[in-house]
>>> print(open('input.cif').read())   # mmCIF, C-alpha atoms and all ligand atoms
data_structure
loop_
_atom_site.group_PDB
_atom_site.id
_atom_site.type_symbol
_atom_site.label_atom_id
_atom_site.label_comp_id
_atom_site.auth_asym_id
_atom_site.auth_seq_id
_atom_site.Cartn_x
_atom_site.Cartn_y
_atom_site.Cartn_z
ATOM 1 C CA MET A 1 -5.965 -18.042 -16.873
ATOM 2 C CA ASN A 2 -2.824 -17.197 -18.829
ATOM 3 C CA ALA A 3 -0.069 -19.351 -17.414
ATOM 4 C CA ARG A 4 2.865 -17.060 -18.217
ATOM 5 C CA PRO A 5 5.158 -17.147 -15.177
ATOM 6 C CA HIS A 6 5.820 -13.805 -13.462
ATOM 7 C CA ASN A 7 9.379 -13.594 -14.702
ATOM 8 C CA GLN A 8 8.637 -14.126 -18.401
ATOM 9 C CA PRO A 9 8.393 -11.301 -20.920
ATOM 10 C CA SER A 10 4.990 -10.201 -22.123
ATOM 11 C CA LYS A 11 4.295 -9.770 -25.836
ATOM 12 C CA SER A 12 2.653 -6.362 -25.703
ATOM 13 C CA PRO A 13 3.542 -4.121 -28.662
ATOM 14 C CA ALA A 14 4.291 -1.392 -26.124
ATOM 15 C CA HIS A 15 7.297 -3.396 -25.040
ATOM 16 C CA VAL A 16 10.679 -2.605 -26.434
ATOM 17 C CA SER A 17 13.216 -5.383 -26.540
ATOM 18 C CA ILE A 18 15.733 -4.895 -23.773
ATOM 19 C CA GLY A 19 18.389 -6.319 -26.123
ATOM 20 C CA SER A 20 21.637 -4.658 -25.158
ATOM 21 C CA ARG A 21 20.587 -4.138 -21.548
ATOM 22 C CA SER A 22 23.622 -3.343 -19.429
ATOM 23 C CA ASP A 23 24.142 -4.225 -15.765
ATOM 24 C CA ASP A 24 22.975 -0.729 -15.048
ATOM 25 C CA LEU A 25 19.440 -1.846 -15.949
ATOM 26 C CA SER A 26 19.493 -5.049 -13.951
ATOM 27 C CA GLU A 27 16.547 -3.782 -11.871
ATOM 28 C CA LEU A 28 14.226 -4.088 -14.862
ATOM 29 C CA ALA A 29 11.798 -6.988 -14.867
ATOM 30 C CA PRO A 30 11.907 -9.236 -17.924
ATOM 31 C CA GLY A 31 9.756 -7.723 -20.662
ATOM 32 C CA GLN A 32 9.263 -4.453 -18.802
ATOM 33 C CA SER A 33 8.423 -1.608 -21.174
ATOM 34 C CA ILE A 34 11.355 0.751 -21.536
ATOM 35 C CA ALA A 35 9.132 3.261 -23.310
ATOM 36 C CA LEU A 36 6.798 3.301 -20.306
ATOM 37 C CA LEU A 37 9.652 3.687 -17.815
ATOM 38 C CA LYS A 38 10.920 6.648 -19.826
ATOM 39 C CA ALA A 39 7.456 8.201 -19.921
ATOM 40 C CA LEU A 40 7.273 7.773 -16.134
ATOM 41 C CA HIS A 41 10.722 9.420 -15.880
ATOM 42 C CA ILE A 42 12.029 6.363 -14.081
ATOM 43 C CA LEU A 43 14.485 5.966 -16.946
ATOM 44 C CA THR A 44 16.144 9.054 -18.352
ATOM 45 C CA ARG A 45 15.641 9.865 -22.042
ATOM 46 C CA ASP A 46 18.857 8.027 -22.858
ATOM 47 C CA GLY A 47 17.671 4.984 -20.944
ATOM 48 C CA LYS A 48 19.615 5.344 -17.674
ATOM 49 C CA LEU A 49 18.551 4.935 -14.063
ATOM 50 C CA ASN A 50 19.589 7.436 -11.408
ATOM 51 C CA GLN A 51 19.883 6.416 -7.773
ATOM 52 C CA ASP A 52 16.400 7.564 -6.742
ATOM 53 C CA SER A 53 14.641 6.018 -9.682
ATOM 54 C CA ARG A 54 16.599 2.787 -9.233
ATOM 55 C CA ARG A 55 15.326 2.607 -5.641
ATOM 56 C CA LYS A 56 11.750 3.308 -6.724
ATOM 57 C CA LEU A 57 11.877 0.771 -9.531
ATOM 58 C CA LYS A 58 13.307 -1.852 -7.216
ATOM 59 C CA GLN A 59 10.531 -1.231 -4.688
ATOM 60 C CA VAL A 60 7.709 -1.263 -7.193
ATOM 61 C CA ASN A 61 8.988 -4.284 -9.116
ATOM 62 C CA HIS A 62 9.450 -6.156 -5.864
ATOM 63 C CA LEU A 63 5.977 -5.187 -4.704
ATOM 64 C CA TYR A 64 4.656 -6.459 -8.032
ATOM 65 C CA GLN A 65 6.325 -9.829 -7.389
ATOM 66 C CA LEU A 66 4.710 -9.984 -3.959
ATOM 67 C CA LEU A 67 1.313 -8.961 -5.307
ATOM 68 C CA ALA A 68 1.320 -11.290 -8.293
ATOM 69 C CA PRO A 69 0.066 -14.397 -6.403
ATOM 70 C CA SER A 70 -2.892 -12.371 -5.070
ATOM 71 C CA LEU A 71 -3.621 -11.070 -8.572
ATOM 72 C CA ASP A 72 -3.475 -14.665 -9.850
ATOM 73 C CA GLN A 73 -5.948 -15.670 -7.170
ATOM 74 C CA LEU A 74 -8.336 -12.909 -8.245
ATOM 75 C CA THR A 75 -7.859 -13.688 -11.942
ATOM 76 C CA GLU A 76 -8.585 -17.375 -11.394
ATOM 77 C CA HIS A 77 -11.884 -16.366 -9.812
ATOM 78 C CA SER A 78 -12.780 -13.668 -12.349
ATOM 79 C CA GLU A 79 -10.852 -11.505 -14.768
ATOM 80 C CA HIS A 80 -13.085 -8.568 -13.932
ATOM 81 C CA TRP A 81 -11.383 -7.537 -10.732
ATOM 82 C CA THR A 82 -10.710 -3.978 -9.570
ATOM 83 C CA LEU A 83 -7.599 -2.693 -7.851
ATOM 84 C CA VAL A 84 -7.637 0.709 -6.140
ATOM 85 C CA ASP A 85 -4.292 2.342 -5.324
ATOM 86 C CA HIS A 86 -4.406 5.103 -2.680
ATOM 87 C CA GLY A 87 -1.997 8.025 -2.565
ATOM 88 C CA ALA A 88 -1.037 6.983 -6.075
ATOM 89 C CA GLY A 89 1.268 9.951 -6.724
ATOM 90 C CA LYS A 90 2.689 9.472 -10.224
ATOM 91 C CA SER A 91 1.059 6.037 -10.262
ATOM 92 C CA TYR A 92 4.277 4.099 -10.769
ATOM 93 C CA LEU A 93 2.690 1.089 -9.102
ATOM 94 C CA GLY A 94 -0.477 1.193 -11.201
ATOM 95 C CA PHE A 95 1.422 1.616 -14.470
ATOM 96 C CA ILE A 96 3.927 -1.109 -13.709
ATOM 97 C CA LEU A 97 1.220 -3.546 -12.578
ATOM 98 C CA THR A 98 -0.734 -2.806 -15.727
ATOM 99 C CA ASP A 99 2.358 -3.214 -17.892
ATOM 100 C CA LEU A 100 3.627 -6.420 -16.307
ATOM 101 C CA TYR A 101 0.369 -8.127 -15.429
ATOM 102 C CA VAL A 102 -2.983 -6.647 -16.334
ATOM 103 C CA ARG A 103 -2.517 -6.154 -20.071
ATOM 104 C CA GLN A 104 -1.447 -9.748 -20.539
ATOM 105 C CA ARG A 105 -3.307 -11.759 -18.002
ATOM 106 C CA ALA A 106 -6.339 -9.803 -16.909
ATOM 107 C CA PRO A 107 -7.208 -7.342 -19.675
ATOM 108 C CA ASN A 108 -10.693 -6.891 -18.238
ATOM 109 C CA ALA A 109 -9.429 -5.869 -14.823
ATOM 110 C CA ARG A 110 -9.392 -2.226 -13.714
ATOM 111 C CA VAL A 111 -6.668 -0.247 -11.975
ATOM 112 C CA ILE A 112 -7.832 2.966 -10.316
ATOM 113 C CA GLY A 113 -5.442 5.496 -8.807
ATOM 114 C CA ILE A 114 -6.736 7.726 -6.000
ATOM 115 C CA GLU A 115 -4.648 10.849 -5.500
ATOM 116 C CA ARG A 116 -5.538 14.141 -3.844
ATOM 117 C CA ARG A 117 -3.357 16.216 -6.217
ATOM 118 C CA ALA A 118 -5.360 16.993 -9.334
ATOM 119 C CA ASP A 119 -2.212 17.810 -11.355
ATOM 120 C CA LEU A 120 -0.820 14.301 -10.785
ATOM 121 C CA VAL A 121 -4.168 12.752 -11.667
ATOM 122 C CA GLU A 122 -4.322 14.711 -14.914
ATOM 123 C CA ARG A 123 -0.777 13.733 -15.829
ATOM 124 C CA ALA A 124 -1.371 10.066 -15.100
ATOM 125 C CA GLN A 125 -4.619 10.070 -17.082
ATOM 126 C CA LEU A 126 -2.816 11.593 -20.069
ATOM 127 C CA LEU A 127 -0.020 9.051 -19.902
ATOM 128 C CA ALA A 128 -2.492 6.165 -19.620
ATOM 129 C CA SER A 129 -4.364 7.270 -22.731
ATOM 130 C CA GLU A 130 -1.137 7.879 -24.675
ATOM 131 C CA ALA A 131 0.070 4.398 -23.737
ATOM 132 C CA GLY A 132 -3.298 2.820 -24.553
ATOM 133 C CA PHE A 133 -3.641 1.550 -20.992
ATOM 134 C CA ASP A 134 -7.454 1.551 -21.081
ATOM 135 C CA GLN A 135 -7.663 -0.468 -17.890
ATOM 136 C CA MET A 136 -6.364 2.502 -15.880
ATOM 137 C CA SER A 137 -8.287 5.475 -14.515
ATOM 138 C CA PHE A 138 -7.621 8.061 -11.853
ATOM 139 C CA LEU A 139 -9.683 10.036 -9.373
ATOM 140 C CA ALA A 140 -8.701 13.309 -7.766
ATOM 141 C CA LEU A 141 -9.941 12.505 -4.278
ATOM 142 C CA THR A 142 -8.506 12.123 -0.826
ATOM 143 C CA ALA A 143 -8.414 8.571 0.452
ATOM 144 C CA GLN A 144 -11.043 9.581 2.991
ATOM 145 C CA GLU A 145 -13.372 11.044 0.345
ATOM 146 C CA SER A 146 -12.994 7.931 -1.754
ATOM 147 C CA ILE A 147 -14.521 5.717 0.962
ATOM 148 C CA THR A 148 -18.031 6.886 0.162
ATOM 149 C CA SER A 149 -17.444 8.378 -3.297
ATOM 150 C CA GLU A 150 -19.889 7.252 -5.953
ATOM 151 C CA GLN A 151 -17.114 7.609 -8.521
ATOM 152 C CA VAL A 152 -15.522 4.471 -7.098
ATOM 153 C CA PRO A 153 -17.055 1.292 -8.506
ATOM 154 C CA ASP A 154 -18.105 -1.580 -6.299
ATOM 155 C CA PRO A 155 -16.873 -4.231 -5.687
ATOM 156 C CA VAL A 156 -13.230 -3.411 -5.084
ATOM 157 C CA ASP A 157 -11.117 -6.550 -4.863
ATOM 158 C CA ILE A 158 -7.700 -5.302 -3.934
ATOM 159 C CA VAL A 159 -6.550 -2.104 -2.238
ATOM 160 C CA THR A 160 -2.974 -0.891 -2.256
ATOM 161 C CA ALA A 161 -1.311 2.077 -0.554
ATOM 162 C CA LEU A 162 2.400 2.508 -1.184
ATOM 163 C CA HIS A 163 3.859 5.225 1.027
ATOM 164 C CA ALA A 164 0.524 7.032 1.241
ATOM 165 C CA CYS A 165 1.222 9.781 3.753
ATOM 166 C CA ASP A 166 0.424 9.370 7.449
ATOM 167 C CA THR A 167 -3.303 8.739 8.000
ATOM 168 C CA ALA A 168 -3.974 8.132 4.268
ATOM 169 C CA THR A 169 -2.916 4.542 5.025
ATOM 170 C CA ASP A 170 -5.643 4.313 7.686
ATOM 171 C CA ASP A 171 -8.163 5.749 5.244
ATOM 172 C CA ALA A 172 -7.053 3.129 2.725
ATOM 173 C CA ILE A 173 -7.756 0.471 5.376
ATOM 174 C CA ARG A 174 -11.194 1.969 6.028
ATOM 175 C CA PHE A 175 -11.794 2.005 2.290
ATOM 176 C CA GLY A 176 -10.805 -1.668 2.020
ATOM 177 C CA LEU A 177 -13.004 -2.632 4.962
ATOM 178 C CA HIS A 178 -15.934 -0.641 3.534
ATOM 179 C CA HIS A 179 -15.629 -2.509 0.205
ATOM 180 C CA GLN A 180 -14.792 -5.821 1.875
ATOM 181 C CA ALA A 181 -11.779 -6.079 -0.414
ATOM 182 C CA LYS A 182 -10.225 -9.524 -0.667
ATOM 183 C CA PHE A 183 -6.718 -8.065 -0.325
ATOM 184 C CA ILE A 184 -5.391 -4.949 1.410
ATOM 185 C CA VAL A 185 -1.704 -4.287 0.791
ATOM 186 C CA LEU A 186 0.042 -1.467 2.609
ATOM 187 C CA VAL A 187 3.528 -0.033 2.737
ATOM 188 C CA PRO A 188 2.944 2.662 5.364
ATOM 189 C CA CYS A 189 4.665 6.011 5.229
ATOM 190 C CA CYS A 190 5.446 8.651 7.857
ATOM 191 C CA GLN A 191 2.984 7.756 10.634
ATOM 192 C CA ALA A 192 3.040 10.834 12.799
ATOM 193 C CA GLU A 193 -0.474 10.791 14.186
ATOM 194 C CA VAL A 194 -0.160 8.216 16.974
ATOM 195 C CA ALA A 195 3.271 9.574 17.974
ATOM 196 C CA GLY A 196 1.620 12.995 18.288
ATOM 197 C CA PHE A 197 -0.960 11.593 20.711
ATOM 198 C CA LEU A 198 1.745 9.810 22.714
ATOM 199 C CA ARG A 199 3.655 13.096 22.912
ATOM 200 C CA GLN A 200 0.607 14.979 24.153
ATOM 201 C CA ALA A 201 -0.109 12.353 26.809
ATOM 202 C CA LYS A 202 3.437 12.440 28.245
ATOM 203 C CA ARG A 203 3.875 13.454 31.860
ATOM 204 C CA PRO A 204 7.087 14.818 33.464
ATOM 205 C CA TYR A 205 7.310 11.641 35.513
ATOM 206 C CA ASP A 206 5.179 8.659 34.680
ATOM 207 C CA PRO A 207 5.202 5.900 37.309
ATOM 208 C CA ASP A 208 4.466 3.335 34.620
ATOM 209 C CA PRO A 209 7.881 1.941 33.558
ATOM 210 C CA LEU A 210 6.431 0.944 30.190
ATOM 211 C CA THR A 211 6.313 4.650 29.213
ATOM 212 C CA GLU A 212 10.122 4.490 28.967
ATOM 213 C CA LEU A 213 9.486 2.883 25.583
ATOM 214 C CA TRP A 214 8.435 6.256 24.192
ATOM 215 C CA ARG A 215 9.757 8.829 26.715
ATOM 216 C CA ARG A 216 12.631 10.153 24.595
ATOM 217 C CA PRO A 217 11.654 12.117 21.469
ATOM 218 C CA LEU A 218 13.286 9.787 18.964
ATOM 219 C CA HIS A 219 11.653 6.808 20.662
ATOM 220 C CA THR A 220 8.290 8.570 20.652
ATOM 221 C CA ARG A 221 8.492 8.693 16.869
ATOM 222 C CA GLU A 222 9.780 5.144 16.444
ATOM 223 C CA PHE A 223 7.484 3.562 19.003
ATOM 224 C CA GLY A 224 4.561 5.599 17.620
ATOM 225 C CA SER A 225 5.277 4.217 14.180
ATOM 226 C CA HIS A 226 5.597 0.629 15.384
ATOM 227 C CA LEU A 227 2.480 0.975 17.519
ATOM 228 C CA THR A 228 0.529 2.350 14.557
ATOM 229 C CA ASN A 229 1.364 -0.624 12.374
ATOM 230 C CA THR A 230 0.648 -3.068 15.182
ATOM 231 C CA LEU A 231 -2.782 -1.484 15.709
ATOM 232 C CA ARG A 232 -3.450 -1.605 11.957
ATOM 233 C CA CYS A 233 -2.652 -5.324 11.878
ATOM 234 C CA LEU A 234 -4.919 -6.022 14.837
ATOM 235 C CA GLN A 235 -7.681 -3.951 13.281
ATOM 236 C CA LEU A 236 -7.436 -5.951 10.057
ATOM 237 C CA GLU A 237 -7.438 -9.230 11.995
ATOM 238 C CA ALA A 238 -10.444 -8.078 14.021
ATOM 239 C CA HIS A 239 -12.269 -7.562 10.727
ATOM 240 C CA GLY A 240 -11.480 -11.062 9.535
ATOM 241 C CA TYR A 241 -8.250 -10.596 7.612
ATOM 242 C CA GLN A 242 -5.220 -12.838 7.816
ATOM 243 C CA VAL A 243 -2.208 -10.543 8.095
ATOM 244 C CA ARG A 244 1.399 -11.041 7.070
ATOM 245 C CA VAL A 245 4.088 -8.450 7.768
ATOM 246 C CA THR A 246 7.362 -8.472 5.932
ATOM 247 C CA GLU A 247 10.005 -6.183 4.439
ATOM 248 C CA LEU A 248 9.446 -4.701 1.023
ATOM 249 C CA VAL A 249 13.127 -4.435 0.081
ATOM 250 C CA GLY A 250 16.267 -4.352 2.206
ATOM 251 C CA TRP A 251 16.556 -1.407 4.590
ATOM 252 C CA GLU A 252 19.423 0.008 2.560
ATOM 253 C CA HIS A 253 16.926 0.840 -0.177
ATOM 254 C CA ALA A 254 14.149 2.508 1.774
ATOM 255 C CA MET A 255 13.556 3.462 5.375
ATOM 256 C CA LYS A 256 9.787 3.061 5.082
ATOM 257 C CA ASN A 257 9.906 -0.539 4.287
ATOM 258 C CA GLU A 258 7.282 -2.452 6.221
ATOM 259 C CA LEU A 259 4.854 -4.334 4.034
ATOM 260 C CA ILE A 260 1.483 -5.386 5.453
ATOM 261 C CA LEU A 261 -0.331 -7.978 3.342
ATOM 262 C CA ALA A 262 -3.863 -8.731 4.452
ATOM 263 C CA GLU A 263 -6.198 -11.315 2.951
ATOM 264 C CA ARG A 264 -9.866 -11.381 3.840
ATOM 265 C CA LYS A 265 -10.950 -14.696 5.279
ATOM 266 C CA GLY A 266 -14.299 -13.364 6.423
ATOM 267 C CA LYS A 267 -14.342 -14.418 10.070
ATOM 268 C CA PRO A 268 -13.999 -11.450 12.446
ATOM 269 C CA GLN A 269 -11.562 -12.082 15.277
ATOM 270 C CA PRO A 270 -12.831 -10.899 18.697
ATOM 271 C CA HIS A 271 -9.481 -11.715 20.279
ATOM 272 C CA ALA A 272 -7.660 -9.249 17.989
ATOM 273 C CA ALA A 273 -10.244 -6.569 18.790
ATOM 274 C CA GLU A 274 -9.816 -7.159 22.517
ATOM 275 C CA ARG A 275 -6.048 -6.881 22.220
ATOM 276 C CA LEU A 276 -6.237 -3.730 20.133
ATOM 277 C CA ASN A 277 -8.446 -2.005 22.709
ATOM 278 C CA ALA A 278 -6.327 -3.302 25.590
ATOM 279 C CA ILE A 279 -3.186 -1.841 23.990
ATOM 280 C CA LEU A 280 -4.848 1.529 23.436
ATOM 281 C CA ASP A 281 -5.906 1.590 27.108
ATOM 282 C CA ARG A 282 -2.452 0.479 28.254
ATOM 283 C CA VAL A 283 -0.651 3.269 26.379
ATOM 284 C CA GLY A 284 -3.191 5.834 27.562
ATOM 285 C CA LEU A 285 -4.846 6.401 24.193
ATOM 286 C CA PRO A 286 -8.410 5.048 24.547
ATOM 287 C CA ALA A 287 -9.516 8.092 22.520
ATOM 288 C CA LEU A 288 -8.081 6.362 19.437
ATOM 289 C CA ARG A 289 -10.659 3.567 19.570
ATOM 290 C CA ASP A 290 -12.727 5.311 16.916
ATOM 291 C CA ARG A 291 -9.691 5.700 14.712
ATOM 292 C CA PHE A 292 -8.893 1.981 14.860
ATOM 293 C CA PHE A 293 -12.526 0.911 14.913
ATOM 294 C CA VAL A 294 -13.261 -2.760 15.240
ATOM 295 C CA PRO A 295 -16.466 -4.741 14.624
ATOM 296 C CA ALA A 296 -19.373 -3.759 16.877
ATOM 297 C CA PHE A 297 -19.304 -6.943 18.952
ATOM 298 C CA GLU A 298 -15.965 -5.856 20.390
ATOM 299 C CA GLN A 299 -16.674 -2.245 21.160
ATOM 300 C CA GLU A 300 -18.676 -3.264 24.209
ATOM 301 C CA THR A 301 -15.740 -4.992 25.932
HETATM 302 C C1 LIG B 401 5.082 9.651 -0.891
HETATM 303 S S1 LIG B 401 3.949 9.801 -2.216
HETATM 304 C C2 LIG B 401 3.816 8.139 -2.764
HETATM 305 C C3 LIG B 401 3.314 8.054 -4.148
HETATM 306 C C4 LIG B 401 3.216 6.634 -4.731
HETATM 307 N N1 LIG B 401 2.306 5.795 -3.997
HETATM 308 C C5 LIG B 401 4.565 6.006 -4.791
HETATM 309 O O1 LIG B 401 4.905 5.187 -3.921
HETATM 310 O O2 LIG B 401 5.331 6.371 -5.674
HETATM 311 C C6 LIG B 401 2.426 10.050 -1.352
HETATM 312 C C7 LIG B 401 1.293 10.499 -2.260
HETATM 313 O O3 LIG B 401 0.093 10.411 -1.517
HETATM 314 C C8 LIG B 401 -0.689 11.556 -1.784
HETATM 315 N N2 LIG B 401 -1.556 11.715 -0.607
HETATM 316 C C9 LIG B 401 -1.190 12.080 0.643
HETATM 317 N N3 LIG B 401 -2.231 12.075 1.472
HETATM 318 C C10 LIG B 401 -3.299 11.692 0.720
HETATM 319 C C11 LIG B 401 -4.669 11.487 1.002
HETATM 320 N N4 LIG B 401 -5.136 11.671 2.233
HETATM 321 N N5 LIG B 401 -5.470 11.081 0.018
HETATM 322 C C12 LIG B 401 -4.999 10.870 -1.241
HETATM 323 N N6 LIG B 401 -3.706 11.064 -1.588
HETATM 324 C C13 LIG B 401 -2.868 11.451 -0.611
HETATM 325 C C14 LIG B 401 0.309 12.667 -1.967
HETATM 326 O O4 LIG B 401 -0.240 13.754 -2.708
HETATM 327 C C15 LIG B 401 1.413 11.941 -2.719
HETATM 328 O O5 LIG B 401 1.230 12.003 -4.110
#
>>> encode(input="input.cif", output="structure tokens")
Amino acid sequence: MNARPHNQPSKSPAHVSIGSRSDDLSELAPGQSIALLKALHILTRDGKLNQDSRRKLKQVNHLYQLLAPSLDQLTEHSEHWTLVDHGAGKSYLGFILTDLYVRQRAPNARVIGIERRADLVERAQLLASEAGFDQMSFLALTAQESITSEQVPDPVDIVTALHACDTATDDAIRFGLHHQAKFIVLVPCCQAEVAGFLRQAKRPYDPDPLTELWRRPLHTREFGSHLTNTLRCLQLEAHGYQVRVTELVGWEHAMKNELILAERKGKPQPHAAERLNAILDRVGLPALRDRFFVPAFEQET
């Protein structure tokens, strides 16, 4: 394995020396390709960052730092790993990972972006070929379609979903479970689905004092979002993943900032499955058991 530390510049010819980098570009990682950031429209043509692109760059670079140890782990095992990024959008994450890591340390790895918008897929494919990023490819599929799509190679070693809308994050989890990915890394987005079910199940007066947690509309949304991520974590644990939850960057940079890092250890956890189902029953949403499916041994409890 190449031992270059994560904060050292790569030697790719695509990299332009940062040279006279001003404080304005302090978000850039050492050795990060300025040409690529311009092509991604993260940097303007004259090399500046606006507020939105600064926030995005900070998020993606930080996510790269958090992912790098997992990528190292995969690379130590085999350089031929595959990462699938769901709800890839303009594929900032895929391009930046390829620029900062894959091209130098795992040139035989693959980075596949899944995105339902064909125009974004086409654009990303064009940019990847112009940049000579042969490790990257893109599929115009929904996250759900990708679960059983024959266009997706097997095995998949690492699954990412950065702000993939609403249930696309759950489909990314299903995808990761289907492929038994070693790592599943999620920064969930607007999770409206569970809040919607909580809203529907509300009664004018509920004798259960716990329902106060989501009685008011704003709380329905917030509690729904928190509940969704809690259920996702339990689902991953039930399927044998060790789960860590942390912040991606400070809340001042992004409101959707929860990072769920799951590593497959292989031993399903009946206790997590029991808790997941107990929570769904407790909040009056047993109908969501299929949505947050757990291994068969637990569905009988
Ligand atoms: C908020 S953007 C995030 C894009 C990118 N991951 C990033 O962080 O810059 C969400 C992207 O997910 C895509 N998307 C939403 N639902 C999807 C689904 N079910 N399957 C695949 N892509 C989806 C949208 O088209 C959009 O490009």
>>> residues_around(input="input.cif", residues="segment 222-228 of chain A", least_positions_apart="4", cutoff="9 Å", atoms="only C-alpha atoms", output="list in words")
Cys190, Gln191, Ala192, Glu193, Val194, Ala195, Gly196, Phe197, Leu198, Leu213, Trp214, Pro217, Leu218, Arg232 and Cys233 of chain A
>>> residues_near_point(input="input.cif", point="(-15.6, -5.2, 18.0)", cutoff="12 Å", atoms="all atoms listed in the file", output="list of chain:residue names")
A:Leu234, A:Gln235, A:Leu236, A:Glu237, A:Ala238, A:His239, A:Gly240, A:Pro268, A:Gln269, A:Pro270, A:His271, A:Ala272, A:Ala273, A:Glu274, A:Arg275, A:Leu276, A:Asn277, A:Arg289, A:Asp290, A:Phe292, A:Phe293, A:Val294, A:Pro295, A:Ala296, A:Phe297, A:Glu298, A:Gln299, A:Glu300, A:Thr301
>>> residues_around(input="input.cif", residues="Asp170 of chain A", least_positions_apart="2", cutoff="10 Å", atoms="only C-alpha atoms", output="MDAnalysis selection string")
chainID A and resid 143:144 161 164:168 172:176 186 188 191 228:229 232 291:292
>>> write_last_selection(input="input.cif", atoms="C-alpha atoms", output="PDB file, in the coordinates of the input")
ATOM      1  CA  ALA A 143      -8.414   8.571   0.452  1.00  0.00           C
ATOM      2  CA  GLN A 144     -11.043   9.581   2.991  1.00  0.00           C
ATOM      3  CA  ALA A 161      -1.311   2.077  -0.554  1.00  0.00           C
ATOM      4  CA  ALA A 164       0.524   7.032   1.241  1.00  0.00           C
ATOM      5  CA  CYS A 165       1.222   9.781   3.753  1.00  0.00           C
ATOM      6  CA  ASP A 166       0.424   9.370   7.449  1.00  0.00           C
ATOM      7  CA  THR A 167      -3.303   8.739   8.000  1.00  0.00           C
ATOM      8  CA  ALA A 168      -3.974   8.132   4.268  1.00  0.00           C
ATOM      9  CA  ALA A 172      -7.053   3.129   2.725  1.00  0.00           C
ATOM     10  CA  ILE A 173      -7.756   0.471   5.376  1.00  0.00           C
ATOM     11  CA  ARG A 174     -11.194   1.969   6.028  1.00  0.00           C
ATOM     12  CA  PHE A 175     -11.794   2.005   2.290  1.00  0.00           C
ATOM     13  CA  GLY A 176     -10.805  -1.668   2.020  1.00  0.00           C
ATOM     14  CA  LEU A 186       0.042  -1.467   2.609  1.00  0.00           C
ATOM     15  CA  PRO A 188       2.944   2.662   5.364  1.00  0.00           C
ATOM     16  CA  GLN A 191       2.984   7.756  10.634  1.00  0.00           C
ATOM     17  CA  THR A 228       0.529   2.350  14.557  1.00  0.00           C
ATOM     18  CA  ASN A 229       1.364  -0.624  12.374  1.00  0.00           C
ATOM     19  CA  ARG A 232      -3.450  -1.605  11.957  1.00  0.00           C
ATOM     20  CA  ARG A 291      -9.691   5.700  14.712  1.00  0.00           C
ATOM     21  CA  PHE A 292      -8.893   1.981  14.860  1.00  0.00           C
TER      22      PHE A 292
END
>>> resolve_selection(input="input.cif", expression="the PyMOL selection byres (((chain A and resi 120-127) around 12) and not hetatm)", output="NGL selection string")
:A and (35-41 or 86-95 or 111-119 or 128-142)
>>> closest_residue(input="input.cif", among="A:Arg221, A:Arg264, A:Arg244, A:Arg199", to="His179 of chain A", atoms="all atoms listed in the file")
A:Arg264
>>> closest_residue(input="input.cif", among="A:Ser146, A:Thr44, A:Gln104, A:Asn61", to="Ser26 of chain A", atoms="only C-alpha atoms")
A:Asn61
>>> axis_aligned_box(input="input.cif", around="ligand LIG 401 (chain B)", padding_each_side="4 Å", output="JSON")
{"center_x": -0.1, "center_y": 9.5, "center_z": -1.7, "size_x": 18.8, "size_y": 16.6, "size_z": 15.9}
>>> closest_residue(input="input.cif", among="A:Asp208, A:Leu100, A:Gln65, A:Cys189", to="ligand LIG 401 (chain B)", atoms="only C-alpha atoms and all ligand atoms")
A:Cys189
>>> closest_residue(input="input.cif", among="A:Leu261, A:Leu248, A:Ala109, A:Leu25", to="Thr75 of chain A", atoms="all atoms listed in the file")
A:Ala109
>>> closest_residue(input="input.cif", among="A:Glu79, A:Asp171, A:Asp46, A:Asp52", to="ligand LIG 401 (chain B)", atoms="only C-alpha atoms and all ligand atoms")
A:Asp171
>>> closest_residue(input="input.cif", among="A:Ser78, A:Leu231, A:Lys58, A:Thr211", to="ligand LIG 401 (chain B)", atoms="only C-alpha atoms and all ligand atoms")
A:Lys58
